[in-house]
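Right, one structure below, let's go through it.
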Amino acid sequence: MISEITSARTAAEQSIAAASTLDEIRILDTDLLGKKSPLALLKTGLGKLITVDEKKAAGQALNEAMLAVEKVLNARRVLLSRAEREVQLAAEALDLTEHFNAPGRGKAHIVTQAWQRLEDVFVGLGFQVAEGPEVETDWYNFEALNMPPSHPARSMHDTFYVDHGQPGSTVLRTHTSPVQIRVMQNVAPPIYMIMPGRVFRNETTDATHLAVFHQIEGLVIDRGITLTDLAGTIEAFTQAFFGPGFTSRLRPSYFPFTEPSAEFDIRTPKGDWLELGGCGMVHPNVLRAGGLDPEEWSGFAFGFGIDRMAKERHGVGDVREMYTNDIRFIEQF
Ligand code: FA5
């Protein structure tokens, strides 16, 4: 029995030494230490030994052999995983030396640059900046914006729901408009604010659509605000952001939270029209949801996509390119 144990142990150790991959080690683990391994089978034969001394000696030798095989197996596993990791690291290594040699420091991402420039331009026009949460309640994202549960306009927003509270009560905000309500609830008018931030829609991505993108919301609430103020603000913004050769127009549209509503486009010096976002006069129901009296206050709101603005401003063909994080693309801007 003892000699059988010794030869099983030697054979096991030899096959471990011969293993050259972690997959082989995984198989050997079962073959050499599992229920059907030679050592385990020898263990089942212990009962057939006659004397107590024989049993004791064989049992001890078996335990030692099992422990020894396990130890050798583990040591080989550590060695092979280290070797595999080194091969992987070598294969995935990036040569960054050309970037170390380049003069200058890192810079803000193209979308962050657009975001910061938008803030600068609006602050220059007298606006303040506010932010709201990315995880919102259904009430702020839809209901307070004049979209009750059955409202058909809800289907225009493909919503990501968060597993929190009552089913369907918590969402990843689909636009920055819910921040309008939070601002109205917390700031006494007159209000001249912009609200930039990240928004989420369960959409298939393409050259102009992302599932995670950025919007900038604008909200003005004061006494006697009219559509002319909205048009004038959009025009002043267009010239300040894009340059004097650019102009803007409003096109009739529909949003549940503004009445009347418009889409706003800008005209490039070449004469092309580009759609930038939506806007309109704040709906009385929205003013009420924000705790304001529509008889006393009126206002306008607008919201447009920051990623698309960055794309247009820099002539990027596909919005998705801005998020591949390929340093050769990013460092151009
Ligand atoms: C809205 O989200 C309204 N909340 C805008 C608004 C605010 C209207 C205030 C009136 C008053 P819309 O779904 O059209 O509207 O989106 C506004 C802008 O976000 C679009 O014009 C576009 O520039 C950008 N946008 C929309 N969907 C995507 C997307 N999937 N990927 C990138 N940009 C997008």
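Identifiers in the structure tokens: chain A, B, ... in order shown; residue index from 1 per chain; ligand index from 1 in order shown.
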
Could you give me, as CSV, a per-residue list for region 30-148 of chain A showing, wherever an atom lies at most 12 Å from an atom of region 240-260 of chain A, the closest pair of atoms and their distance in Å to one decimal, using only C-alpha atoms and sorting by chain then residue number from low to high?
residue,atom,partner,partner_atom,distance
A:Ala114,CA,A:Phe241,CA,9.6
A:Trp115,CA,A:Phe241,CA,11.3
A:Gln116,CA,A:Phe241,CA,11.3
A:Arg117,CA,A:Phe241,CA,7.7
A:Leu118,CA,A:Phe241,CA,7.1
A:Glu119,CA,A:Phe241,CA,10.1
A:Asp120,CA,A:Phe241,CA,9.2
A:Val121,CA,A:Phe241,CA,6.5
A:Phe122,CA,A:Ala240,CA,9.0
A:Val123,CA,A:Ala240,CA,11.4
A:Gly124,CA,A:Ala240,CA,9.2
A:Leu125,CA,A:Ala240,CA,9.2
A:Tyr140,CA,A:Phe257,CA,11.8
A:Asn141,CA,A:Phe257,CA,10.9
A:Phe142,CA,A:Phe257,CA,9.2
A:Glu143,CA,A:Phe257,CA,9.8
A:Ala144,CA,A:Phe257,CA,8.6
A:Leu145,CA,A:Phe257,CA,5.1
A:Asn146,CA,A:Phe257,CA,5.5
A:Met147,CA,A:Pro256,CA,6.5
A:Pro148,CA,A:Pro256,CA,10.0

>> Residues contacting ligand 1 - anything with an atom at most 9 Å away, using only C-alpha atoms and all ligand atoms - can you give me those as number ranges by chain?
In response: A: 156-157, 174-178, 180, 199-219, 254-258, 261-264, 275-282, 300-309, 319

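Each of A:Pro190, A:Leu33, A:Leu292, A:Ile16 was checked against Gly224 (chain A) using only C-alpha atoms; the smallest atom-to-atom distance is that of A:Pro190.
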
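A straight line drawn from CA of Ile221 (chain A) to CA of Leu172 (chain A) is 26.2 Å long.
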
>> Residues within 10 Å of Ala57 (chain A), please, as a PyMOL selection string. Count only C-alpha atoms; anything in the same chain fewer than 4 positions from it doesn't count.
In response: chain A and resi 1-2+52-53+61-62

> Among region 35-279 of chain A, which ones does DSSP place in helix (DSSP H, G or I), written as a PyMOL selection string?
Replying inline: chain A and resi 38-48+52-92+97-101+110-124+138-141+143-145+152-156+178-186+227-242

>> Residues near Gly168 (chain A), anyone? I mean within 12 Å using only C-alpha atoms, not counting same-chain ones fewer than 3 positions away, as a list in words.
In response: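 Answer for this query is Glu136, Thr137, Asp138, Trp139, Asn141, Phe142, Pro149, Thr159, Phe160, Tyr161, Val162, Asp163, His164, Gly165, Val171 and Leu172 of chain A.
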
> Out of A:Asp23, A:Asp318, A:Asp293, A:Glu13, which residue has the shortest atom-to-atom distance to Gln185 (chain A) when counting only C-alpha atoms?
Replying inline: A:Asp293
